[in-house]
$ cat query_28.cif   # mmCIF, C-alpha atoms and all ligand atoms
data_coords
loop_
_atom_site.label_atom_id
_atom_site.label_comp_id
_atom_site.auth_asym_id
_atom_site.auth_seq_id
_atom_site.Cartn_x
_atom_site.Cartn_y
_atom_site.Cartn_z
CA MET A 1 -94.18 -17.86 -11.31
CA VAL A 2 -95.10 -15.75 -8.33
CA ARG A 3 -95.35 -17.04 -4.79
CA LEU A 4 -96.47 -15.60 -1.48
CA ILE A 5 -92.85 -15.11 -0.39
CA THR A 6 -92.55 -12.36 -2.99
CA HIS A 7 -96.13 -11.14 -2.80
CA ASN A 8 -95.56 -10.48 0.91
CA LEU A 9 -92.81 -8.00 -0.01
CA LEU A 10 -94.65 -6.28 -2.80
CA ALA A 11 -96.39 -2.93 -2.50
CA CYS A 12 -98.02 -0.86 -5.23
CA HIS A 13 -95.44 1.39 -6.92
CA VAL A 14 -97.77 3.76 -8.70
CA LYS A 15 -96.78 7.43 -8.34
CA GLY A 16 -98.16 8.95 -5.15
CA CYS A 17 -99.60 5.65 -3.94
CA THR A 18 -97.87 5.46 -0.57
CA THR A 19 -100.48 4.55 2.05
CA ASN A 20 -102.64 1.45 2.25
CA ASN A 21 -100.76 0.19 -0.85
CA PHE A 22 -99.87 -3.18 0.74
CA PRO A 23 -100.71 -6.01 0.44
CA LEU A 24 -102.00 -6.26 -3.11
CA VAL A 25 -105.23 -8.24 -3.12
CA PHE A 26 -105.60 -11.30 -5.33
CA GLN A 27 -108.39 -11.44 -7.85
CA ASP A 28 -109.51 -14.58 -9.73
CA ALA A 29 -106.29 -16.29 -8.70
CA GLN A 30 -105.48 -19.73 -10.04
CA VAL A 31 -103.05 -21.57 -7.81
CA GLU A 32 -100.87 -24.56 -8.51
CA ILE A 33 -98.91 -26.41 -5.88
CA HIS A 34 -95.34 -27.38 -6.68
CA GLU A 35 -93.20 -29.02 -4.09
CA ALA A 36 -90.00 -27.24 -3.15
CA GLU A 37 -87.07 -28.43 -1.11
CA PHE A 38 -87.51 -27.55 2.58
CA ASN A 39 -84.67 -25.48 3.95
CA GLU A 40 -85.12 -24.74 7.63
CA ASP A 41 -82.32 -22.14 7.79
CA PHE A 42 -83.80 -20.19 4.94
CA ILE A 43 -87.30 -20.12 6.43
CA ARG A 44 -85.98 -19.12 9.87
CA GLY A 45 -83.85 -16.39 8.30
CA PHE A 46 -86.81 -15.10 6.31
CA MET A 47 -89.28 -14.95 9.20
CA PRO A 48 -88.35 -11.45 10.45
CA LYS A 49 -89.23 -10.01 7.03
CA ILE A 50 -92.78 -11.36 6.99
CA GLU A 51 -95.79 -9.08 7.43
CA TRP A 52 -97.80 -11.70 9.25
CA LYS A 53 -101.34 -10.43 8.85
CA ALA A 54 -100.83 -9.83 5.14
CA LEU A 55 -99.51 -13.36 4.72
CA VAL A 56 -102.41 -14.96 6.61
CA ASP A 57 -105.01 -12.92 4.72
CA SER A 58 -103.42 -13.54 1.31
CA ALA A 59 -103.10 -17.28 1.94
CA ARG A 60 -106.81 -17.34 2.87
CA GLN A 61 -107.70 -15.52 -0.34
CA LEU A 62 -105.98 -18.39 -2.10
CA GLY A 63 -107.88 -21.00 -0.11
CA ASP A 64 -105.17 -21.95 2.39
CA THR A 65 -106.13 -21.62 6.04
CA SER A 66 -103.20 -23.46 7.60
CA LEU A 67 -101.53 -20.42 9.22
CA PRO A 68 -102.40 -19.28 12.75
CA GLU A 69 -103.83 -15.79 13.23
CA GLU A 70 -100.86 -14.77 15.37
CA GLN A 71 -97.24 -15.52 14.49
CA PRO A 72 -96.13 -18.08 17.12
CA GLU A 73 -93.30 -17.12 19.47
CA MET A 74 -91.66 -20.49 19.10
CA ALA A 75 -91.20 -21.89 15.61
CA ASP A 76 -91.32 -25.69 15.82
CA ASP A 77 -90.71 -28.02 12.91
CA ASP A 78 -94.39 -28.41 12.01
CA PHE A 79 -94.90 -24.69 11.92
CA LEU A 80 -91.81 -24.12 9.77
CA LYS A 81 -93.01 -26.73 7.29
CA THR A 82 -96.44 -25.09 7.09
CA LEU A 83 -94.78 -21.75 6.53
CA HIS A 84 -92.51 -23.27 3.89
CA HIS A 85 -95.55 -24.58 2.05
CA VAL A 86 -97.37 -21.25 2.13
CA LEU A 87 -94.35 -19.16 1.16
CA LEU A 88 -92.73 -21.35 -1.46
CA GLU A 89 -95.06 -24.03 -2.78
CA MET A 90 -98.19 -22.12 -3.79
CA HIS A 91 -97.73 -20.64 -7.26
CA ILE A 92 -100.21 -18.06 -8.49
CA GLU A 93 -100.43 -18.79 -12.19
CA GLU A 94 -103.27 -16.57 -13.43
CA GLY A 95 -105.42 -13.76 -12.13
CA ALA A 96 -104.45 -10.33 -10.88
CA MET A 97 -103.17 -8.36 -7.90
CA VAL A 98 -105.11 -5.21 -7.10
CA CYS A 99 -104.01 -2.19 -5.08
CA GLN A 100 -106.60 -1.34 -2.41
CA ASN A 101 -105.56 2.30 -2.43
CA CYS A 102 -105.34 3.42 -6.06
CA GLY A 103 -107.10 0.49 -7.70
CA HIS A 104 -104.24 -0.33 -10.07
CA VAL A 105 -104.58 -3.88 -11.42
CA TYR A 106 -101.40 -5.92 -11.93
CA PRO A 107 -102.43 -8.81 -14.18
CA ILE A 108 -100.75 -12.20 -13.75
CA SER A 109 -100.38 -14.41 -16.78
CA ASN A 110 -98.36 -17.62 -17.03
CA GLY A 111 -97.26 -17.00 -13.48
CA ILE A 112 -95.71 -13.63 -14.34
CA PRO A 113 -97.19 -10.43 -12.89
CA ASN A 114 -97.12 -7.44 -15.21
CA MET A 115 -95.72 -4.55 -13.17
CA LEU A 116 -95.51 -2.05 -16.04
CA LEU A 117 -97.05 1.33 -15.33
CA ALA A 118 -98.84 3.81 -17.56
CA GLU A 119 -97.21 7.16 -18.17
CA HIS A 120 -99.23 9.08 -15.55
CA GLU A 121 -98.43 6.39 -12.94
CA ILE A 122 -94.63 6.64 -13.12
CA GLY A 123 -92.95 8.26 -10.12
CA MET B 1 -72.46 -3.95 -35.62
CA SER B 2 -73.41 -1.31 -33.08
CA ARG B 3 -74.21 -2.19 -29.51
CA PRO B 4 -77.60 -3.83 -28.84
CA GLU B 5 -78.85 -0.94 -26.71
CA LEU B 6 -78.37 1.42 -29.64
CA GLN B 7 -80.31 -0.76 -32.07
CA ALA B 8 -83.80 -1.05 -30.54
CA PRO B 9 -85.64 -0.90 -27.21
CA PRO B 10 -84.76 -3.92 -25.03
CA GLU B 11 -88.12 -5.68 -25.26
CA ILE B 12 -87.95 -5.41 -29.06
CA TYR B 13 -84.27 -6.31 -29.40
CA TYR B 14 -84.81 -9.38 -27.22
CA GLY B 15 -87.78 -10.65 -29.22
CA ASP B 16 -88.59 -14.34 -29.69
CA THR B 17 -85.76 -15.07 -32.10
CA GLU B 18 -82.99 -13.19 -30.31
CA ALA B 19 -84.13 -14.48 -26.89
CA LYS B 20 -83.78 -18.07 -28.07
CA LYS B 21 -80.51 -17.43 -29.90
CA TYR B 22 -79.01 -15.58 -26.95
CA THR B 23 -79.93 -18.30 -24.47
CA ALA B 24 -78.81 -21.23 -26.62
CA ASN B 25 -75.36 -19.76 -27.30
CA THR B 26 -72.89 -21.76 -25.19
CA ARG B 27 -70.28 -19.01 -25.25
CA ILE B 28 -72.81 -16.51 -23.89
CA GLN B 29 -73.94 -19.05 -21.28
CA GLN B 30 -70.37 -19.42 -20.08
CA ILE B 31 -69.66 -15.68 -19.97
CA GLN B 32 -72.91 -14.87 -18.12
CA ALA B 33 -72.26 -17.73 -15.67
CA ASP B 34 -68.72 -16.53 -14.96
CA MET B 35 -69.85 -12.97 -14.41
CA THR B 36 -72.63 -14.13 -12.09
CA TYR B 37 -70.15 -16.15 -10.02
CA ARG B 38 -67.92 -13.12 -9.82
CA ALA B 39 -70.88 -10.91 -8.82
CA LEU B 40 -71.76 -13.40 -6.07
CA GLU B 41 -68.18 -13.29 -4.85
CA LEU B 42 -68.37 -9.49 -4.71
CA LEU B 43 -71.71 -9.70 -2.86
CA ASN B 44 -69.71 -11.27 -0.06
CA LEU B 45 -72.58 -13.25 1.48
CA PRO B 46 -71.85 -15.55 4.42
CA PRO B 47 -70.88 -18.98 3.08
CA ASP B 48 -73.50 -21.73 2.72
CA GLU B 49 -76.45 -19.63 3.84
CA PRO B 50 -79.37 -19.52 1.44
CA LYS B 51 -80.37 -15.89 0.89
CA PHE B 52 -83.21 -14.00 -0.77
CA LEU B 53 -81.79 -12.16 -3.79
CA LEU B 54 -82.97 -9.91 -6.60
CA ASP B 55 -81.78 -10.50 -10.18
CA ILE B 56 -82.22 -7.22 -12.05
CA GLY B 57 -82.76 -7.80 -15.77
CA ALA B 58 -82.92 -11.55 -15.24
CA GLY B 59 -83.72 -12.25 -18.89
CA SER B 60 -83.95 -15.95 -19.73
CA GLY B 61 -82.37 -16.97 -16.45
CA LEU B 62 -78.71 -17.51 -17.37
CA SER B 63 -77.68 -15.47 -14.33
CA GLY B 64 -80.52 -16.67 -12.10
CA GLU B 65 -79.75 -20.34 -12.57
CA ILE B 66 -76.34 -19.74 -11.00
CA LEU B 67 -78.19 -18.31 -7.98
CA ASP B 68 -80.27 -21.52 -7.98
CA ASP B 69 -77.14 -23.63 -8.13
CA GLU B 70 -75.72 -21.76 -5.16
CA GLY B 71 -78.87 -22.51 -3.16
CA HIS B 72 -80.39 -19.02 -3.08
CA ILE B 73 -84.04 -18.10 -3.52
CA TRP B 74 -84.44 -15.23 -5.95
CA VAL B 75 -86.78 -12.86 -7.73
CA GLY B 76 -86.08 -11.83 -11.32
CA VAL B 77 -87.44 -8.80 -13.15
CA ASP B 78 -87.17 -8.10 -16.87
CA ILE B 79 -88.82 -5.89 -19.47
CA ALA B 80 -88.67 -8.41 -22.34
CA PRO B 81 -91.60 -10.87 -22.43
CA SER B 82 -89.75 -13.15 -24.86
CA MET B 83 -86.79 -13.49 -22.49
CA LEU B 84 -89.14 -14.29 -19.60
CA GLU B 85 -90.88 -16.88 -21.72
CA VAL B 86 -87.58 -18.63 -22.38
CA ALA B 87 -86.92 -18.50 -18.63
CA LEU B 88 -90.23 -20.30 -18.03
CA GLU B 89 -89.38 -22.90 -20.64
CA ARG B 90 -86.02 -23.45 -19.01
CA ASP B 91 -87.67 -24.04 -15.68
CA VAL B 92 -85.64 -21.58 -13.62
CA GLN B 93 -86.67 -21.44 -9.97
CA GLY B 94 -87.02 -17.69 -9.33
CA ASP B 95 -90.24 -15.68 -9.15
CA LEU B 96 -90.41 -13.62 -12.35
CA PHE B 97 -91.88 -10.18 -12.99
CA LEU B 98 -92.45 -8.22 -16.16
CA GLN B 99 -91.06 -4.87 -15.13
CA ASP B 100 -89.22 -1.84 -16.44
CA ILE B 101 -86.50 -1.16 -13.86
CA GLY B 102 -86.44 2.49 -15.02
CA GLN B 103 -89.95 2.83 -13.55
CA GLY B 104 -88.66 1.72 -10.14
CA PHE B 105 -89.56 -1.10 -7.74
CA GLY B 106 -92.39 -1.44 -5.24
CA PHE B 107 -90.67 -3.87 -2.86
CA ARG B 108 -91.02 -3.16 0.84
CA PRO B 109 -87.98 -1.74 2.66
CA GLY B 110 -85.34 -4.33 3.47
CA SER B 111 -86.83 -7.07 1.28
CA PHE B 112 -83.63 -8.46 -0.22
CA ASP B 113 -80.37 -9.73 1.24
CA GLY B 114 -78.59 -8.64 -1.92
CA ALA B 115 -79.03 -7.92 -5.62
CA VAL B 116 -77.17 -8.79 -8.79
CA SER B 117 -77.54 -7.46 -12.30
CA ILE B 118 -75.59 -8.97 -15.19
CA SER B 119 -75.23 -7.05 -18.48
CA VAL B 120 -78.31 -4.88 -18.04
CA ILE B 121 -77.99 -1.31 -16.80
CA GLN B 122 -76.27 0.05 -19.91
CA TRP B 123 -79.81 -0.15 -21.31
CA LEU B 124 -80.92 2.52 -18.84
CA LEU B 125 -78.61 5.01 -20.53
CA ASN B 126 -80.91 4.91 -23.51
CA ALA B 127 -84.34 6.31 -22.87
CA GLU B 128 -86.06 4.29 -25.50
CA THR B 129 -88.53 1.53 -24.64
CA SER B 130 -91.98 0.96 -26.11
CA HIS B 131 -93.45 1.85 -22.72
CA PRO B 132 -93.77 5.33 -21.29
CA THR B 133 -90.39 6.57 -20.09
CA SER B 134 -88.63 9.65 -18.89
CA SER B 135 -85.03 10.80 -19.36
CA PRO B 136 -82.11 8.46 -18.55
CA PRO B 137 -81.06 10.40 -15.42
CA HIS B 138 -84.63 10.34 -14.14
CA ARG B 139 -84.92 6.60 -14.83
CA LEU B 140 -81.56 5.91 -13.19
CA THR B 141 -82.62 7.91 -10.14
CA ARG B 142 -85.90 6.06 -9.86
CA PHE B 143 -84.09 2.74 -10.27
CA PHE B 144 -81.37 3.37 -7.68
CA THR B 145 -83.59 4.99 -5.02
CA THR B 146 -86.18 2.21 -5.09
CA LEU B 147 -83.44 -0.45 -5.22
CA TYR B 148 -81.73 1.11 -2.22
CA ALA B 149 -84.99 0.98 -0.27
CA ALA B 150 -85.62 -2.66 -1.24
CA LEU B 151 -82.27 -3.84 0.16
CA ARG B 152 -81.67 -4.65 3.79
CA ASN B 153 -79.08 -2.91 5.90
CA PRO B 154 -76.28 -3.95 5.60
CA SER B 155 -76.16 -5.55 2.18
CA ARG B 156 -74.77 -5.11 -1.31
CA ALA B 157 -75.84 -4.87 -4.92
CA VAL B 158 -73.38 -5.87 -7.63
CA LEU B 159 -74.15 -4.72 -11.15
CA GLN B 160 -71.98 -5.77 -14.08
CA PHE B 161 -72.54 -3.57 -17.11
CA TYR B 162 -71.01 -2.39 -20.37
CA PRO B 163 -70.28 1.33 -20.28
CA THR B 164 -69.11 3.02 -23.47
CA SER B 165 -67.19 5.75 -21.68
CA ASP B 166 -65.86 6.89 -18.33
CA ASP B 167 -68.52 9.61 -18.41
CA GLN B 168 -71.19 6.93 -18.31
CA ILE B 169 -69.54 5.27 -15.32
CA GLN B 170 -69.38 8.67 -13.68
CA LEU B 171 -73.05 9.42 -14.32
CA ILE B 172 -74.21 6.07 -13.00
CA THR B 173 -72.06 6.13 -9.86
CA SER B 174 -73.04 9.68 -8.98
CA ILE B 175 -76.75 8.87 -9.23
CA ALA B 176 -76.25 5.70 -7.16
CA GLN B 177 -74.45 7.74 -4.51
CA LYS B 178 -77.23 10.29 -4.39
CA ALA B 179 -79.66 7.43 -3.83
CA GLY B 180 -77.71 6.58 -0.68
CA PHE B 181 -75.33 3.84 -1.82
CA GLY B 182 -71.70 3.61 -0.84
CA GLY B 183 -69.14 1.52 -2.70
CA GLY B 184 -67.61 1.98 -6.11
CA VAL B 185 -66.46 0.39 -9.33
CA VAL B 186 -64.40 -2.81 -9.65
CA VAL B 187 -62.71 -3.42 -13.00
CA ASP B 188 -61.53 -6.97 -13.69
CA TYR B 189 -58.71 -7.50 -16.22
CA PRO B 190 -58.50 -3.77 -16.98
CA ASN B 191 -55.77 -4.29 -19.56
CA SER B 192 -57.46 -6.97 -21.59
CA LYS B 193 -59.70 -5.76 -24.35
CA LYS B 194 -61.70 -8.98 -24.34
CA ALA B 195 -61.77 -9.96 -20.68
CA ARG B 196 -62.22 -6.47 -19.16
CA LYS B 197 -65.37 -6.36 -17.02
CA VAL B 198 -66.89 -3.49 -15.06
CA PHE B 199 -68.77 -4.21 -11.83
CA LEU B 200 -70.58 -1.53 -9.88
CA CYS B 201 -70.32 -2.66 -6.23
CA LEU B 202 -72.92 -0.81 -4.19
CA TYR B 203 -73.15 -0.92 -0.42
CA VAL B 204 -76.10 -0.26 1.82
CA GLY B 205 -74.92 0.73 5.29
CA GLY B 206 -71.29 -0.21 4.80
CA GLY B 207 -72.24 -3.38 2.93
CA GLY B 208 -70.82 -5.60 5.67
CA GLY B 209 -67.25 -4.78 4.66
CA GLN B 210 -65.07 -1.72 4.27
CA GLN B 211 -63.00 -1.27 1.14
CA VAL B 212 -64.22 -1.83 -2.38
CA PRO B 213 -62.42 -5.01 -3.47
CA LYS B 214 -59.65 -4.94 -6.08
CA GLY B 215 -60.29 -5.98 -9.65
CA LEU B 216 -58.77 -9.21 -10.93
CA GLU B 217 -55.48 -8.99 -12.78
CA GLY B 218 -53.52 -11.52 -14.80
CA ASP B 219 -54.04 -12.82 -18.27
CA VAL B 220 -56.90 -14.55 -19.94
CA ALA B 221 -55.15 -17.92 -20.00
CA ASP B 222 -55.28 -18.08 -16.19
CA GLU B 223 -58.82 -16.97 -16.29
CA ASN B 224 -59.82 -19.71 -18.68
CA ALA B 225 -58.42 -22.34 -16.38
CA VAL B 226 -60.61 -20.97 -13.61
CA LYS B 227 -63.59 -20.93 -15.94
CA PHE B 228 -63.28 -24.55 -16.83
CA GLU B 229 -62.81 -25.59 -13.25
CA LYS B 230 -65.94 -23.68 -12.29
CA ARG B 231 -67.95 -25.13 -15.08
CA ARG B 232 -66.95 -28.66 -14.13
CA GLU B 233 -67.88 -27.91 -10.58
CA ARG B 234 -71.25 -26.62 -11.65
CA GLU B 235 -71.95 -29.68 -13.77
CA ARG B 236 -70.96 -31.96 -10.93
CA ARG B 237 -73.31 -30.16 -8.61
CA ARG B 238 -76.13 -30.38 -11.08
CA GLU B 239 -75.68 -34.08 -11.49
CA LYS B 240 -75.78 -34.50 -7.75
CA SER B 241 -78.81 -32.33 -7.08
CA GLY B 242 -82.30 -33.75 -7.17
CA LYS B 243 -83.37 -31.06 -9.57
CA ARG B 244 -81.30 -32.55 -12.32
CA LYS B 245 -82.75 -35.96 -11.63
CA ASN B 246 -86.17 -34.46 -12.23
CA VAL B 247 -84.97 -33.06 -15.48
CA LYS B 248 -84.02 -36.53 -16.58
CA ALA B 249 -87.52 -37.67 -15.75
CA LYS B 250 -88.85 -34.68 -17.62
CA ASP B 251 -86.74 -35.41 -20.68
CA TRP B 252 -88.09 -38.88 -20.66
CA ILE B 253 -91.69 -37.65 -20.53
CA LEU B 254 -91.05 -35.14 -23.31
CA LYS B 255 -89.58 -37.87 -25.51
CA LYS B 256 -92.53 -40.12 -24.85
CA LYS B 257 -94.99 -37.38 -25.66
CA GLU B 258 -93.12 -36.59 -28.87
CA LEU B 259 -93.25 -40.25 -29.77
CA TYR B 260 -97.00 -40.42 -29.14
CA ARG B 261 -97.54 -37.34 -31.25
CA GLN B 262 -95.51 -38.79 -34.08
CA ARG B 263 -97.63 -41.87 -33.93
CA GLY B 264 -100.67 -39.68 -34.37
CA LYS B 265 -102.04 -40.05 -30.85
CA GLU B 266 -104.37 -37.21 -30.02
CA ASP B 267 -104.84 -35.53 -26.64
CA VAL B 268 -101.18 -35.66 -25.67
CA PRO B 269 -100.96 -32.94 -23.00
CA ARG B 270 -99.00 -29.91 -24.10
CA ASP B 271 -95.48 -29.57 -22.73
CA SER B 272 -94.97 -26.96 -20.06
CA LYS B 273 -92.48 -26.01 -17.42
CA TYR B 274 -94.40 -28.26 -15.07
CA THR B 275 -94.12 -31.32 -17.25
CA GLY B 276 -92.73 -34.11 -15.13
CA ARG B 277 -93.14 -32.25 -11.86
CA LYS B 278 -95.22 -33.40 -8.95
CA ARG B 279 -98.46 -31.55 -9.21
CA ARG B 280 -101.45 -30.84 -7.05
CA THR B 281 -103.85 -28.21 -8.27
CA VAL B 282 -105.88 -26.22 -5.83
CA PHE B 283 -109.47 -25.35 -6.79
C1 LIG A 301 -77.76 -9.27 -21.97
S1 LIG A 301 -79.33 -9.63 -21.25
C2 LIG A 301 -78.83 -10.30 -19.67
C3 LIG A 301 -79.84 -11.24 -19.09
C4 LIG A 301 -79.34 -12.03 -17.87
N1 LIG A 301 -78.99 -11.16 -16.76
C5 LIG A 301 -78.15 -12.87 -18.28
O1 LIG A 301 -77.10 -12.75 -17.64
O2 LIG A 301 -78.26 -13.66 -19.22
C6 LIG A 301 -79.95 -8.02 -20.83
C7 LIG A 301 -81.36 -8.04 -20.25
O3 LIG A 301 -81.68 -6.75 -19.72
C8 LIG A 301 -83.07 -6.55 -19.90
N2 LIG A 301 -83.41 -5.12 -19.77
C9 LIG A 301 -82.97 -4.09 -20.52
N3 LIG A 301 -83.54 -2.93 -20.13
C10 LIG A 301 -84.37 -3.23 -19.10
C11 LIG A 301 -85.26 -2.46 -18.30
N4 LIG A 301 -85.41 -1.14 -18.48
N5 LIG A 301 -85.97 -3.10 -17.32
C12 LIG A 301 -85.84 -4.44 -17.15
N6 LIG A 301 -85.00 -5.22 -17.88
C13 LIG A 301 -84.29 -4.63 -18.86
C14 LIG A 301 -83.29 -7.10 -21.28
O4 LIG A 301 -84.66 -7.35 -21.54
C15 LIG A 301 -82.44 -8.36 -21.28
O5 LIG A 301 -83.16 -9.49 -20.88
ZN ZN A 302 -101.65 1.80 -5.69
#
$ encode --input "query_28.cif" --output "structure tokens"
Amino acid sequence: MVRLITHNLLACHVKGCTTNNFPLVFQDAQVEIHEAEFNEDFIRGFMPKIEWKALVDSARQLGDTSLPEEQPEMADDDFLKTLHHVLLEMHIEEGAMVCQNCGHVYPISNGIPNMLLAEHEIG
Amino acid sequence: MSRPELQAPPEIYYGDTEAKKYTANTRIQQIQADMTYRALELLNLPPDEPKFLLDIGAGSGLSGEILDDEGHIWVGVDIAPSMLEVALERDVQGDLFLQDIGQGFGFRPGSFDGAVSISVIQWLLNAETSHPTSSPPHRLTRFFTTLYAALRNPSRAVLQFYPTSDDQIQLITSIAQKAGFGGGVVVDYPNSKKARKVFLCLYVGGGGGQQVPKGLEGDVADENAVKFEKRRERERRREKSGKRKNVKAKDWILKKKELYRQRGKEDVPRDSKYTGRKRRTVF
């Protein structure tokens, strides 16, 4: 399974692909929702790592528009629960992630992205 | 029999049959669990705080499920599709990636609060995989530099592995150091042929502690007592946690489905890792 929590940390790792290589853009994504236990401490602790715009855009690509454009200064309970849902409960099961810079396609099958590179792509 | 990493590339060695055999073996389960607990201890995370961890060479999830049990959220990468498939069947909680760690990671700087790797990096000493590769030192360099970047400062990575010689330990530590890591090697039970375990304890920015910890001493009898206590603890926790309750529900559903199939009922949904879970499908 791959979720937005991990997608938000993932850049293209093709050799020489170092600018505009994040975020990877979803293509033909099939999403399933699976409830996960809400842990406020974890979500709060994770917040500083988030690239907000990438998260908002990627969630929208997947059909979820619940996040505000700007990351709120104050994280209240409702907001944390929304964030929890977007980060941890949306599972991308099929489709692909595409690098906007070099065009490399990382296919996703059975929830597992294939990150293997071809010989000329290895750094 | 020679060591697995000398027999075939990892994704071939851990094919369907071996992946199932490996995962079902209760002795292996216990050993991998013990080593994962020890790796977590060496990671030295603050107590009772759920962290975001990387499991390098996660395989079928024997190491990752200990991270689940301890309340962490984790990402697992592995080169063997059959191992990952078993992980899916076993319903582990981590995000999984098909990835050759010798090709390096693409995670943004500071992504993880720590990393563990249990019984994996000896494979990097052998160049062979069925995917394009380069020499072992090049692969090790790629692996350690991109891992270093993916970890936050300060943090640690603890990698248990099976070296065949001190030269191998030397090679691996020197490449890790060049990638920026501090730390060193911890050897548990150095005098026991069976229980001896090598952990590479790598620090980013001091690793939140100073000295590399000492290896465990003592004899295997002591160690076994600890093992059993830990296992009991783990089972208790599982019984308590809601996750295990779900599994009961899932078992029940699987049995029912099996029963329906035996009775010749058609259209029984196929079993999947989501069987018995709450489900809402988007789109
Ligand atoms: C002994 S298993 C350990 C699996 C798991 N950590 C555990 O404790 O059960 C070794 C794993 O390392 C994986 N592995 C070997 N070489 C690898 C590579 N270059 N990249 C990713 N995974 C690799 C194998 O596919 C296999 O699943
Ligand atoms: Zn790219």
$ residues_around --input "query_28.cif" --residues "region 39-51 of chain A" --least-positions-apart "6" --cutoff "7 Å" --atoms "only C-alpha atoms" --output "ChimeraX atom specification"
/A:8,80,84 /B:50-51,111
$ residues_near_ligand --input "query_28.cif" --ligand "ligand LIG 301 (chain A)" --cutoff "6 Å" --atoms "all atoms listed in the file" --output "ChimeraX atom specification"
/B:10-11,32,57-59,61-63,78-80,83,99-102,117-120,123-124
$ closest_residue --input "query_28.cif" --among "A:Thr19, A:Gln71, A:Gln30, A:Ser109" --to "ligand ZN 302 (chain A)" --atoms "only C-alpha atoms and all ligand atoms"
A:Thr19
$ closest_residue --input "query_28.cif" --among "A:Gly103, A:Gly123, A:Pro113, A:Pro68" --to "ligand ZN 302 (chain A)" --atoms "all atoms listed in the file"
A:Gly103
$ residues_near_point --input "query_28.cif" --point "(-77.1, 2.8, 2.2)" --cutoff "7 Å" --atoms "all atoms listed in the file" --output "list in words"
Tyr148, Gly180, Phe181, Gly182, Tyr203, Val204 and Gly205 of chain B
$ residues_near_ligand --input "query_28.cif" --ligand "ligand ZN 302 (chain A)" --cutoff "12 Å" --atoms "only C-alpha atoms and all ligand atoms" --output "count of residues only"
32
$ residues_near_point --input "query_28.cif" --point "(-68.2, -9.5, -7.8)" --cutoff "9 Å" --atoms "all atoms listed in the file" --output "ChimeraX atom specification"
/B:35-44,158-160,186,199-201,213,215
$ atom_distance --input "query_28.cif" --atom1 "CA of Val86 (chain B)" --atom2 "CA of Gly114 (chain B)"
24.5 Å
$ atom_distance --input "query_28.cif" --atom1 "CA of Ala157 (chain B)" --atom2 "CA of Asn126 (chain B)"
21.6 Å
$ residues_around --input "query_28.cif" --residues "Ala59 (chain A)" --least-positions-apart "6" --cutoff "10 Å" --atoms "only C-alpha atoms" --output "JSON list (two decimals) with C-alpha atoms, keeping the file's coordinate frame"
[["chain", "number", "residue", "atom", "x", "y", "z"],
["A", 4, "LEU", "CA", -96.47, -15.60, -1.48],
["A", 26, "PHE", "CA", -105.60, -11.30, -5.33],
["A", 53, "LYS", "CA", -101.34, -10.43, 8.85],
["A", 65, "THR", "CA", -106.13, -21.62, 6.04],
["A", 66, "SER", "CA", -103.20, -23.46, 7.60],
["A", 67, "LEU", "CA", -101.53, -20.42, 9.22],
["A", 86, "VAL", "CA", -97.37, -21.25, 2.13],
["A", 87, "LEU", "CA", -94.35, -19.16, 1.16],
["A", 90, "MET", "CA", -98.19, -22.12, -3.79]]
$ atom_distance --input "query_28.cif" --atom1 "CA of Thr141 (chain B)" --atom2 "CA of Arg3 (chain A)"
28.5 Å
$ residues_around --input "query_28.cif" --residues "Leu88 (chain A)" --least-positions-apart "6" --cutoff "10 Å" --atoms "all atoms listed in the file" --output "count of residues only"
14
$ closest_residue --input "query_28.cif" --among "B:Leu54, B:Leu96, B:Ala150, B:Ile28" --to "chain A" --atoms "only C-alpha atoms"
B:Leu96
$ closest_residue --input "query_28.cif" --among "A:Ile108, A:Leu83, A:Leu62, A:Leu116" --to "chain B" --atoms "all atoms listed in the file"
A:Leu116
$ closest_residue --input "query_28.cif" --among "B:Lys193, B:Arg90, B:Lys214, B:His72" --to "chain A" --atoms "only C-alpha atoms"
B:His72
$ closest_residue --input "query_28.cif" --among "B:Ala24, B:Lys197, B:Ala87, B:Gln211" --to "Gly183 (chain B)" --atoms "only C-alpha atoms"
B:Gln211
